[in-house]
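Text of query.pdb (PDB, C-alpha atoms) as supplied:
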ATOM      1  CA  GLY A 587     -17.267  19.400  -9.281  1.00  0.00           C
ATOM      2  CA  LYS A 588     -16.191  22.982  -8.582  1.00  0.00           C
ATOM      3  CA  SER A 589     -17.604  22.937  -5.036  1.00  0.00           C
ATOM      4  CA  THR A 590     -15.610  19.788  -4.208  1.00  0.00           C
ATOM      5  CA  MET A 591     -12.364  21.243  -5.526  1.00  0.00           C
ATOM      6  CA  ALA A 592     -13.004  24.483  -3.654  1.00  0.00           C
ATOM      7  CA  ALA A 593     -13.561  22.589  -0.402  1.00  0.00           C
ATOM      8  CA  LEU A 594     -10.382  20.552  -0.870  1.00  0.00           C
ATOM      9  CA  LEU A 595      -8.473  23.726  -1.718  1.00  0.00           C
ATOM     10  CA  ARG A 596      -9.608  25.329   1.558  1.00  0.00           C
ATOM     11  CA  LEU A 597      -8.305  22.300   3.475  1.00  0.00           C
ATOM     12  CA  SER A 598      -5.011  22.462   1.577  1.00  0.00           C
ATOM     13  CA  ARG A 599      -4.543  26.176   2.306  1.00  0.00           C
ATOM     14  CA  ALA A 600      -5.200  25.622   6.013  1.00  0.00           C
ATOM     15  CA  ALA A 601      -2.637  22.811   6.102  1.00  0.00           C
ATOM     16  CA  CYS A 602      -0.192  24.978   4.177  1.00  0.00           C
ATOM     17  CA  ALA A 603      -0.521  27.781   6.745  1.00  0.00           C
ATOM     18  CA  THR A 604       0.047  25.346   9.604  1.00  0.00           C
ATOM     19  CA  ALA A 605       3.116  23.884   7.910  1.00  0.00           C
ATOM     20  CA  THR A 606       4.565  27.335   7.288  1.00  0.00           C
ATOM     21  CA  ARG A 607       4.202  28.304  10.947  1.00  0.00           C
ATOM     22  CA  THR A 608       5.753  25.032  12.083  1.00  0.00           C
ATOM     23  CA  PHE A 609       8.760  25.260   9.773  1.00  0.00           C
ATOM     24  CA  ALA A 610       9.318  28.848  10.844  1.00  0.00           C
ATOM     25  CA  LEU A 611       9.544  27.802  14.496  1.00  0.00           C
ATOM     26  CA  ARG A 612      11.857  24.851  14.170  1.00  0.00           C
ATOM     27  CA  CYS A 613      13.964  22.872  11.727  1.00  0.00           C
ATOM     28  CA  VAL A 614      12.632  19.389  11.326  1.00  0.00           C
ATOM     29  CA  GLY A 615      15.171  16.646  10.721  1.00  0.00           C
ATOM     30  CA  GLY A 616      14.593  13.091   9.551  1.00  0.00           C
ATOM     31  CA  SER A 617      14.399  10.400  12.181  1.00  0.00           C
ATOM     32  CA  GLY A 618      15.542   6.819  11.903  1.00  0.00           C
ATOM     33  CA  LEU A 619      12.933   4.092  11.961  1.00  0.00           C
ATOM     34  CA  SER A 620      13.419   1.067  14.131  1.00  0.00           C
ATOM     35  CA  SER A 621      13.608  -2.163  12.157  1.00  0.00           C
ATOM     36  CA  THR A 622      12.628  -5.733  12.904  1.00  0.00           C
ATOM     37  CA  SER A 623      15.230  -8.393  12.176  1.00  0.00           C
ATOM     38  CA  ALA A 624      14.152 -11.257   9.962  1.00  0.00           C
ATOM     39  CA  HIS A 625      14.304 -14.784  11.264  1.00  0.00           C
ATOM     40  CA  ALA A 626      18.005 -15.757  11.283  1.00  0.00           C
ATOM     41  CA  ALA A 627      17.237 -19.206   9.941  1.00  0.00           C
ATOM     42  CA  VAL A 628      16.223 -17.682   6.603  1.00  0.00           C
ATOM     43  CA  PHE A 629      19.866 -17.054   5.765  1.00  0.00           C
ATOM     44  CA  GLN A 630      21.130 -20.470   6.893  1.00  0.00           C
ATOM     45  CA  PRO A 631      21.580 -23.327   4.413  1.00  0.00           C
ATOM     46  CA  ALA A 632      18.126 -24.610   3.550  1.00  0.00           C
ATOM     47  CA  PRO A 633      17.189 -28.312   3.604  1.00  0.00           C
ATOM     48  CA  ALA A 634      16.154 -30.156   0.472  1.00  0.00           C
ATOM     49  CA  PHE A 635      13.362 -28.294  -1.282  1.00  0.00           C
ATOM     50  CA  LYS A 636       9.854 -29.652  -0.987  1.00  0.00           C
ATOM     51  CA  GLN A 637       6.938 -28.551  -3.123  1.00  0.00           C
ATOM     52  CA  PRO A 638       5.263 -25.905  -0.924  1.00  0.00           C
ATOM     53  CA  PHE A 639       1.733 -26.657  -2.057  1.00  0.00           C
ATOM     54  CA  ALA A 640       2.019 -30.337  -1.172  1.00  0.00           C
ATOM     55  CA  MET A 641       0.850 -29.583   2.377  1.00  0.00           C
ATOM     56  CA  TYR A 642      -2.438 -28.113   1.147  1.00  0.00           C
ATOM     57  CA  SER A 643      -5.382 -29.964  -0.346  1.00  0.00           C
ATOM     58  CA  GLN A 644      -6.013 -27.227  -2.905  1.00  0.00           C
ATOM     59  CA  ASP A 645      -4.105 -24.281  -4.305  1.00  0.00           C
ATOM     60  CA  PRO A 646      -6.545 -21.334  -4.058  1.00  0.00           C
ATOM     61  CA  PHE A 647      -4.608 -19.441  -6.737  1.00  0.00           C
ATOM     62  CA  GLU A 648      -4.946 -22.100  -9.399  1.00  0.00           C
ATOM     63  CA  GLY A 649      -6.976 -21.054 -12.420  1.00  0.00           C
ATOM     64  CA  THR A 650      -8.944 -17.826 -12.763  1.00  0.00           C
ATOM     65  CA  THR A 651     -10.888 -16.071 -10.029  1.00  0.00           C
ATOM     66  CA  ASP A 652     -14.595 -16.868 -10.050  1.00  0.00           C
ATOM     67  CA  LEU A 653     -15.591 -13.856  -7.938  1.00  0.00           C
ATOM     68  CA  GLU A 654     -16.044 -10.477  -9.575  1.00  0.00           C
ATOM     69  CA  PRO A 655     -13.842  -7.886  -7.830  1.00  0.00           C
ATOM     70  CA  PRO A 656     -15.816  -4.854  -6.538  1.00  0.00           C
ATOM     71  CA  VAL A 657     -13.369  -2.475  -8.243  1.00  0.00           C
ATOM     72  CA  LYS A 658     -11.899  -2.749 -11.731  1.00  0.00           C
ATOM     73  CA  MET A 659      -8.098  -2.733 -11.654  1.00  0.00           C
ATOM     74  CA  TYR A 660      -5.549  -3.206 -14.377  1.00  0.00           C
ATOM     75  CA  GLY A 661      -2.022  -4.545 -14.615  1.00  0.00           C
ATOM     76  CA  THR A 662      -0.182  -7.600 -13.380  1.00  0.00           C
ATOM     77  CA  SER A 663      -0.226  -6.576  -9.726  1.00  0.00           C
ATOM     78  CA  ALA A 664      -4.001  -6.110  -9.928  1.00  0.00           C
ATOM     79  CA  LYS A 665      -4.417  -9.720 -11.108  1.00  0.00           C
ATOM     80  CA  TYR A 666      -2.549 -10.999  -8.049  1.00  0.00           C
ATOM     81  CA  ALA A 667      -4.534  -8.677  -5.765  1.00  0.00           C
ATOM     82  CA  ALA A 668      -7.826  -9.884  -7.262  1.00  0.00           C
ATOM     83  CA  ALA A 669      -6.791 -13.539  -6.912  1.00  0.00           C
ATOM     84  CA  LEU A 670      -5.817 -12.973  -3.276  1.00  0.00           C
ATOM     85  CA  TRP A 671      -9.065 -11.129  -2.568  1.00  0.00           C
ATOM     86  CA  SER A 672     -11.112 -13.901  -4.198  1.00  0.00           C
ATOM     87  CA  ALA A 673      -9.373 -16.641  -2.206  1.00  0.00           C
ATOM     88  CA  ALA A 674      -9.586 -14.712   1.074  1.00  0.00           C
ATOM     89  CA  THR A 675     -13.254 -13.894   0.481  1.00  0.00           C
ATOM     90  CA  LYS A 676     -14.152 -17.545  -0.097  1.00  0.00           C
ATOM     91  CA  ALA A 677     -12.213 -18.559   3.016  1.00  0.00           C
ATOM     92  CA  LYS A 678     -13.701 -15.662   5.051  1.00  0.00           C
ATOM     93  CA  VAL A 679     -10.247 -14.405   6.118  1.00  0.00           C
ATOM     94  CA  LEU A 680     -10.092 -10.964   4.456  1.00  0.00           C
ATOM     95  CA  ASP A 681      -8.799  -9.130   7.525  1.00  0.00           C
ATOM     96  CA  ASP A 682      -6.465 -11.925   8.611  1.00  0.00           C
ATOM     97  CA  VAL A 683      -4.783 -11.975   5.207  1.00  0.00           C
ATOM     98  CA  ALA A 684      -4.454  -8.179   5.133  1.00  0.00           C
ATOM     99  CA  THR A 685      -2.760  -8.224   8.545  1.00  0.00           C
ATOM    100  CA  GLU A 686      -0.441 -11.089   7.650  1.00  0.00           C
ATOM    101  CA  VAL A 687       0.655  -9.586   4.338  1.00  0.00           C
ATOM    102  CA  ALA A 688       1.333  -6.291   6.118  1.00  0.00           C
ATOM    103  CA  GLN A 689       3.469  -8.126   8.695  1.00  0.00           C
ATOM    104  CA  ILE A 690       5.711  -9.669   6.032  1.00  0.00           C
ATOM    105  CA  ILE A 691       6.038  -6.364   4.188  1.00  0.00           C
ATOM    106  CA  GLU A 692       6.954  -4.623   7.449  1.00  0.00           C
ATOM    107  CA  LEU A 693       9.541  -7.313   8.107  1.00  0.00           C
ATOM    108  CA  LYS A 694      10.883  -6.891   4.579  1.00  0.00           C
ATOM    109  CA  ASN A 695      11.077  -3.107   4.894  1.00  0.00           C
ATOM    110  CA  GLY A 696      12.790  -3.297   8.267  1.00  0.00           C
ATOM    111  CA  ASP A 697      15.555  -5.740   7.374  1.00  0.00           C
ATOM    112  CA  GLU A 698      17.794  -5.007   4.389  1.00  0.00           C
ATOM    113  CA  LYS A 699      19.196  -8.545   4.226  1.00  0.00           C
ATOM    114  CA  PHE A 700      15.759 -10.115   4.210  1.00  0.00           C
ATOM    115  CA  SER A 701      14.577  -7.629   1.577  1.00  0.00           C
ATOM    116  CA  ALA A 702      17.621  -8.296  -0.631  1.00  0.00           C
ATOM    117  CA  PHE A 703      17.149 -12.044  -0.172  1.00  0.00           C
ATOM    118  CA  LEU A 704      13.565 -11.878  -1.485  1.00  0.00           C
ATOM    119  CA  ASP A 705      14.209  -9.373  -4.282  1.00  0.00           C
ATOM    120  CA  ASP A 706      17.490 -10.797  -5.620  1.00  0.00           C
ATOM    121  CA  PRO A 707      16.682 -12.489  -8.966  1.00  0.00           C
ATOM    122  CA  THR A 708      19.821 -14.653  -8.672  1.00  0.00           C
ATOM    123  CA  VAL A 709      18.540 -16.389  -5.523  1.00  0.00           C
ATOM    124  CA  PRO A 710      16.836 -19.647  -6.576  1.00  0.00           C
ATOM    125  CA  VAL A 711      13.070 -19.775  -6.108  1.00  0.00           C
ATOM    126  CA  GLU A 712      13.447 -22.878  -3.958  1.00  0.00           C
ATOM    127  CA  LYS A 713      15.662 -20.993  -1.506  1.00  0.00           C
ATOM    128  CA  LYS A 714      13.216 -18.101  -1.316  1.00  0.00           C
ATOM    129  CA  ILE A 715      10.283 -20.400  -0.594  1.00  0.00           C
ATOM    130  CA  GLU A 716      12.279 -22.280   2.039  1.00  0.00           C
ATOM    131  CA  GLY A 717      13.136 -18.931   3.625  1.00  0.00           C
ATOM    132  CA  LEU A 718       9.495 -17.846   3.615  1.00  0.00           C
ATOM    133  CA  GLN A 719       8.460 -21.163   5.151  1.00  0.00           C
ATOM    134  CA  LYS A 720      10.816 -20.553   8.055  1.00  0.00           C
ATOM    135  CA  VAL A 721       9.357 -17.092   8.589  1.00  0.00           C
ATOM    136  CA  PHE A 722       5.836 -18.537   8.567  1.00  0.00           C
ATOM    137  CA  GLU A 723       6.883 -21.147  11.143  1.00  0.00           C
ATOM    138  CA  ALA A 724       7.775 -18.309  13.541  1.00  0.00           C
ATOM    139  CA  GLY A 725       4.164 -17.056  13.578  1.00  0.00           C
ATOM    140  CA  LYS A 726       0.604 -18.024  12.778  1.00  0.00           C
ATOM    141  CA  PHE A 727      -0.391 -17.502   9.148  1.00  0.00           C
ATOM    142  CA  THR A 728      -3.357 -18.656   7.086  1.00  0.00           C
ATOM    143  CA  ASP A 729      -2.797 -21.062   4.203  1.00  0.00           C
ATOM    144  CA  ILE A 730      -4.111 -18.344   1.874  1.00  0.00           C
ATOM    145  CA  THR A 731      -1.288 -15.984   2.862  1.00  0.00           C
ATOM    146  CA  LYS A 732       1.355 -18.705   2.641  1.00  0.00           C
ATOM    147  CA  ASN A 733       0.237 -19.787  -0.809  1.00  0.00           C
ATOM    148  CA  PHE A 734       0.083 -16.176  -1.960  1.00  0.00           C
ATOM    149  CA  PHE A 735       3.744 -15.579  -1.091  1.00  0.00           C
ATOM    150  CA  PHE A 736       4.815 -18.909  -2.575  1.00  0.00           C
ATOM    151  CA  VAL A 737       3.087 -18.045  -5.876  1.00  0.00           C
ATOM    152  CA  MET A 738       4.623 -14.568  -5.898  1.00  0.00           C
ATOM    153  CA  ALA A 739       8.054 -16.094  -5.300  1.00  0.00           C
ATOM    154  CA  GLU A 740       7.620 -18.747  -8.002  1.00  0.00           C
ATOM    155  CA  ASN A 741       6.578 -16.102 -10.525  1.00  0.00           C
ATOM    156  CA  GLY A 742       9.334 -13.658  -9.588  1.00  0.00           C
ATOM    157  CA  ARG A 743       6.895 -10.973  -8.411  1.00  0.00           C
ATOM    158  CA  LEU A 744       7.995 -10.391  -4.803  1.00  0.00           C
ATOM    159  CA  GLU A 745       9.203  -6.873  -5.681  1.00  0.00           C
ATOM    160  CA  GLU A 746       5.583  -5.986  -6.464  1.00  0.00           C
ATOM    161  CA  LEU A 747       4.367  -6.871  -2.955  1.00  0.00           C
ATOM    162  CA  PRO A 748       3.663  -3.268  -1.832  1.00  0.00           C
ATOM    163  CA  MET A 749       1.495  -2.531  -4.875  1.00  0.00           C
ATOM    164  CA  VAL A 750      -0.354  -5.847  -4.649  1.00  0.00           C
ATOM    165  CA  ALA A 751      -0.986  -5.316  -0.932  1.00  0.00           C
ATOM    166  CA  GLU A 752      -2.294  -1.796  -1.556  1.00  0.00           C
ATOM    167  CA  GLN A 753      -4.656  -2.975  -4.285  1.00  0.00           C
ATOM    168  CA  TYR A 754      -5.807  -5.912  -2.166  1.00  0.00           C
ATOM    169  CA  GLN A 755      -6.685  -3.542   0.689  1.00  0.00           C
ATOM    170  CA  GLU A 756      -8.616  -1.341  -1.735  1.00  0.00           C
ATOM    171  CA  LEU A 757     -10.643  -4.384  -2.804  1.00  0.00           C
ATOM    172  CA  VAL A 758     -11.335  -5.258   0.837  1.00  0.00           C
ATOM    173  CA  TYR A 759     -12.600  -1.742   1.508  1.00  0.00           C
ATOM    174  CA  ALA A 760     -14.704  -1.646  -1.669  1.00  0.00           C
ATOM    175  CA  SER A 761     -16.361  -4.984  -0.866  1.00  0.00           C
ATOM    176  CA  ARG A 762     -17.630  -3.379   2.366  1.00  0.00           C
ATOM    177  CA  GLY A 763     -18.780  -0.149   0.785  1.00  0.00           C
ATOM    178  CA  GLU A 764     -15.782   1.698   2.217  1.00  0.00           C
ATOM    179  CA  VAL A 765     -13.737   4.273   0.298  1.00  0.00           C
ATOM    180  CA  LEU A 766     -10.060   4.744   1.102  1.00  0.00           C
ATOM    181  CA  VAL A 767      -8.826   8.315   0.857  1.00  0.00           C
ATOM    182  CA  THR A 768      -5.139   8.995   1.464  1.00  0.00           C
ATOM    183  CA  VAL A 769      -4.285  12.527   2.556  1.00  0.00           C
ATOM    184  CA  THR A 770      -0.607  13.504   2.493  1.00  0.00           C
ATOM    185  CA  SER A 771       0.608  16.572   4.365  1.00  0.00           C
ATOM    186  CA  ALA A 772       4.003  18.145   5.077  1.00  0.00           C
ATOM    187  CA  ILE A 773       3.481  17.894   8.843  1.00  0.00           C
ATOM    188  CA  PRO A 774       1.089  15.766  10.943  1.00  0.00           C
ATOM    189  CA  LEU A 775      -2.487  17.035  10.803  1.00  0.00           C
ATOM    190  CA  SER A 776      -4.118  18.010  14.068  1.00  0.00           C
ATOM    191  CA  ALA A 777      -7.226  16.209  15.308  1.00  0.00           C
ATOM    192  CA  GLU A 778      -9.296  19.208  14.232  1.00  0.00           C
ATOM    193  CA  GLN A 779      -7.792  19.185  10.731  1.00  0.00           C
ATOM    194  CA  GLN A 780      -8.417  15.458  10.356  1.00  0.00           C
ATOM    195  CA  ALA A 781     -12.005  15.934  11.486  1.00  0.00           C
ATOM    196  CA  GLU A 782     -12.458  18.726   8.919  1.00  0.00           C
ATOM    197  CA  CYS A 783     -10.978  16.483   6.193  1.00  0.00           C
ATOM    198  CA  LYS A 784     -13.419  13.698   7.086  1.00  0.00           C
ATOM    199  CA  LYS A 785     -16.355  16.138   7.043  1.00  0.00           C
ATOM    200  CA  VAL A 786     -15.489  17.629   3.646  1.00  0.00           C
ATOM    201  CA  LEU A 787     -14.651  14.287   2.029  1.00  0.00           C
ATOM    202  CA  THR A 788     -17.816  12.644   3.364  1.00  0.00           C
ATOM    203  CA  GLU A 789     -20.013  15.496   2.129  1.00  0.00           C
ATOM    204  CA  LYS A 790     -18.299  16.215  -1.193  1.00  0.00           C
ATOM    205  CA  VAL A 791     -16.686  12.968  -2.369  1.00  0.00           C
ATOM    206  CA  LEU A 792     -18.519   9.939  -1.001  1.00  0.00           C
ATOM    207  CA  LYS A 793     -21.720   8.612  -2.499  1.00  0.00           C
ATOM    208  CA  LYS A 794     -24.772   7.766  -0.413  1.00  0.00           C
ATOM    209  CA  GLY A 795     -24.162   4.633   1.678  1.00  0.00           C
ATOM    210  CA  GLU A 796     -20.370   4.748   1.365  1.00  0.00           C
ATOM    211  CA  LYS A 797     -18.117   4.908   4.433  1.00  0.00           C
ATOM    212  CA  LEU A 798     -14.878   6.867   4.593  1.00  0.00           C
ATOM    213  CA  VAL A 799     -11.548   5.282   5.537  1.00  0.00           C
ATOM    214  CA  LEU A 800      -9.023   8.086   6.021  1.00  0.00           C
ATOM    215  CA  ASP A 801      -5.306   7.291   5.744  1.00  0.00           C
ATOM    216  CA  VAL A 802      -3.134  10.249   6.763  1.00  0.00           C
ATOM    217  CA  LYS A 803       0.511  10.285   5.693  1.00  0.00           C
ATOM    218  CA  VAL A 804       3.358  12.754   6.197  1.00  0.00           C
ATOM    219  CA  ASP A 805       5.843  13.681   3.471  1.00  0.00           C
ATOM    220  CA  ARG A 806       7.976  16.711   4.340  1.00  0.00           C
ATOM    221  CA  LYS A 807       9.131  17.005   0.717  1.00  0.00           C
ATOM    222  CA  ILE A 808       5.774  18.480  -0.348  1.00  0.00           C
ATOM    223  CA  LEU A 809       6.598  21.568   1.824  1.00  0.00           C
ATOM    224  CA  GLY A 810       2.968  22.446   2.514  1.00  0.00           C
ATOM    225  CA  GLY A 811      -0.595  21.992   1.338  1.00  0.00           C
ATOM    226  CA  LEU A 812      -2.258  18.617   0.844  1.00  0.00           C
ATOM    227  CA  ILE A 813      -2.329  15.731  -1.639  1.00  0.00           C
ATOM    228  CA  PHE A 814      -5.501  13.670  -1.976  1.00  0.00           C
ATOM    229  CA  ASP A 815      -5.526  10.137  -3.425  1.00  0.00           C
ATOM    230  CA  ILE A 816      -9.046   8.827  -3.959  1.00  0.00           C
ATOM    231  CA  GLY A 817      -8.970   5.561  -5.869  1.00  0.00           C
ATOM    232  CA  GLU A 818      -7.280   6.340  -9.184  1.00  0.00           C
ATOM    233  CA  LYS A 819      -7.739  10.105  -8.696  1.00  0.00           C
ATOM    234  CA  HIS A 820      -4.641  12.054  -7.610  1.00  0.00           C
ATOM    235  CA  ILE A 821      -5.288  15.660  -6.564  1.00  0.00           C
ATOM    236  CA  ASP A 822      -2.043  17.493  -5.797  1.00  0.00           C
ATOM    237  CA  MET A 823      -2.506  20.805  -3.968  1.00  0.00           C
ATOM    238  CA  SER A 824       0.953  20.883  -2.428  1.00  0.00           C
ATOM    239  CA  ILE A 825       3.467  23.741  -2.492  1.00  0.00           C
ATOM    240  CA  GLU A 826       5.899  21.381  -4.209  1.00  0.00           C
ATOM    241  CA  ALA A 827       3.434  20.959  -7.103  1.00  0.00           C
ATOM    242  CA  ARG A 828       3.036  24.718  -7.422  1.00  0.00           C
ATOM    243  CA  ILE A 829       6.813  25.193  -7.515  1.00  0.00           C
ATOM    244  CA  ARG A 830       7.110  22.525 -10.233  1.00  0.00           C
ATOM    245  CA  LYS A 831       4.416  24.300 -12.247  1.00  0.00           C
ATOM    246  CA  ILE A 832       6.232  27.645 -11.969  1.00  0.00           C
ATOM    247  CA  GLU A 833       9.539  26.011 -12.923  1.00  0.00           C
ATOM    248  CA  ASN A 834       7.935  24.457 -16.003  1.00  0.00           C
ATOM    249  CA  LEU A 835       6.400  27.795 -17.018  1.00  0.00           C
ATOM    250  CA  LEU A 836       9.759  29.529 -16.647  1.00  0.00           C
ATOM    251  CA  ARG A 837      11.495  26.759 -18.583  1.00  0.00           C
ATOM    252  CA  ASP A 838       8.957  27.045 -21.396  1.00  0.00           C
ATOM    253  CA  ALA A 839       9.306  30.838 -21.424  1.00  0.00           C
ATOM    254  CA  VAL A 840      13.100  30.628 -21.656  1.00  0.00           C
ATOM    255  CA  GLY A 841      12.870  28.003 -24.367  1.00  0.00           C
ATOM    256  CA  THR A 842      10.655  30.188 -26.560  1.00  0.00           C
ATOM    257  CA  ALA A 843      12.616  33.395 -25.956  1.00  0.00           C
TER     258      ALA A 843
END
Would you mind writing the file out in structure tokens?
Amino acid sequence: GKSTMAALLRLSRAACATATRTFALRCVGGSGLSSTSAHAAVFQPAPAFKQPFAMYSQDPFEGTTDLEPPVKMYGTSAKYAAALWSAATKAKVLDDVATEVAQIIELKNGDEKFSAFLDDPTVPVEKKIEGLQKVFEAGKFTDITKNFFFVMAENGRLEELPMVAEQYQELVYASRGEVLVTVTSAIPLSAEQQAECKKVLTEKVLKKGEKLVLDVKVDRKILGGLIFDIGEKHIDMSIEARIRKIENLLRDAVGTA
């Protein structure tokens, strides 16, 4: 409603003012992120391929899911997320699977060779699964997580891992009555600003009985203001969005002149 939008706009303006003061005081440069090297054995010649599911008594991803997801999602990635959620729910390992999937994605993001190895469509599926098996041997992973990655590899969907993981986490939150709200700002929000965001979102957005899960991200490209992502809703109150709107208006005006 109007009161909700007004409250979010107040938060955005406050963040915008903070960002403006910060950028006026100093020039912020990008910083390099430390990366984790993938297991070296992944890139060594693999032994003869063995059917990955042979070690398990049952493939939890076989057939359709028999549990109704708490949130309706659409698209191919949503089907994989729902299947993973269903299997993890039945096995009572929702959090374990979320952590394990995040670990592999972090490994993938931190090592270009490992990422290219998984995403390269010319690499045989057997090699990818053998590589994943070696990574799993270096840590402790549930059978649900292992099977999930094997199925994704077999179906050529490893590039969709980030989206599937995000949708899976949303299903985990929803099954607990939790609502994930992602707030993106140009600079890190202070503790007071985060507390104000939680207060406004809890009062204006959440329904009775729901619990807020706040995910704060920083994207310097938005220049100032805030972006709110609440489920499928995307509310952009950033300076970047305002500039785009002005540019479009000017473009339209020039085009009709």
Per residue of region 694-794 of chain A within 8 Å of region 804-816 of chain A, which atom pair is closest and at what distance in Å (one decimal), using all atoms listed in the file, listed by chain and increasing number, as a tab-separated table?
residue	atom	partner	partner_atom	distance
A:Val765	CA	A:Ile816	CA	7.8
A:Leu766	CA	A:Ile816	CA	6.6
A:Val767	CA	A:Ile816	CA	4.8
A:Thr768	CA	A:Asp815	CA	5.0
A:Val769	CA	A:Phe814	CA	4.8
A:Thr770	CA	A:Ile813	CA	5.0
A:Ser771	CA	A:Leu812	CA	5.0
A:Ala772	CA	A:Arg806	CA	4.3
A:Ile773	CA	A:Val804	CA	5.8
A:Pro774	CA	A:Val804	CA	6.1
Practice problem: Determine, counting all atoms listed in the file, which protein, DNA and RNA residues have an atom within 7 Å of an atom of region 668-684 of chain A; residues of the same chain fewer than 3 positions away are not included. Present the result as a ChimeraX atom specification. | Solution: /A:646-647,651,653,655,664-665,687-688,730-731,734,754-755,757-758
Export of the given selection (C-alpha atoms) as a short mmCIF file (atom, residue, chain, number, x, y, z; two decimals), in the frame of the given file:
data_model
loop_
_atom_site.label_atom_id
_atom_site.label_comp_id
_atom_site.auth_asym_id
_atom_site.auth_seq_id
_atom_site.Cartn_x
_atom_site.Cartn_y
_atom_site.Cartn_z
CA PRO A 646 -6.54 -21.33 -4.06
CA PHE A 647 -4.61 -19.44 -6.74
CA THR A 651 -10.89 -16.07 -10.03
CA LEU A 653 -15.59 -13.86 -7.94
CA PRO A 655 -13.84 -7.89 -7.83
CA ALA A 664 -4.00 -6.11 -9.93
CA LYS A 665 -4.42 -9.72 -11.11
CA VAL A 687 0.66 -9.59 4.34
CA ALA A 688 1.33 -6.29 6.12
CA ILE A 730 -4.11 -18.34 1.87
CA THR A 731 -1.29 -15.98 2.86
CA PHE A 734 0.08 -16.18 -1.96
CA TYR A 754 -5.81 -5.91 -2.17
CA GLN A 755 -6.68 -3.54 0.69
CA LEU A 757 -10.64 -4.38 -2.80
CA VAL A 758 -11.34 -5.26 0.84
#
Practice problem: Pull out every residue that the PyMOL selection byres ((chain A and resi 594) around 12) matches in the shown coordinates and put them as a ChimeraX atom specification. | Solution: /A:587-593,595-601,769,779,782-791,811-815,821-824
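When CA of Asp697 (chain A) is paired with CA of Glu712 (chain A), their separation reads 20.7 Å.
Picture a line from CA of Ile691 (chain A) to CA of Leu798 (chain A); it runs 24.8 Å.
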Exercise. Pick out the closest residue to Ala739 (chain A) from this set: A:Lys720, A:Lys797, A:Lys714, A:Arg837. Count all atoms listed in the file.
Key: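 The answer is A:Lys714, which sits nearest to Ala739 (chain A).
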Quiz prompt | Point-to-point distance from CA of Phe722 (chain A) to CA of Ala760 (chain A), Å rounded to tenths | solution = 28.5 Å
Quiz prompt | Expected selection from the PyMOL selection byres ((chain A and resi 735) around 10), given as JSON, numbers by chain | solution = {"A": [687, 690, 714, 715, 718, 719, 730, 731, 732, 733, 734, 736, 737, 738, 739, 740, 741, 743, 744, 747]}
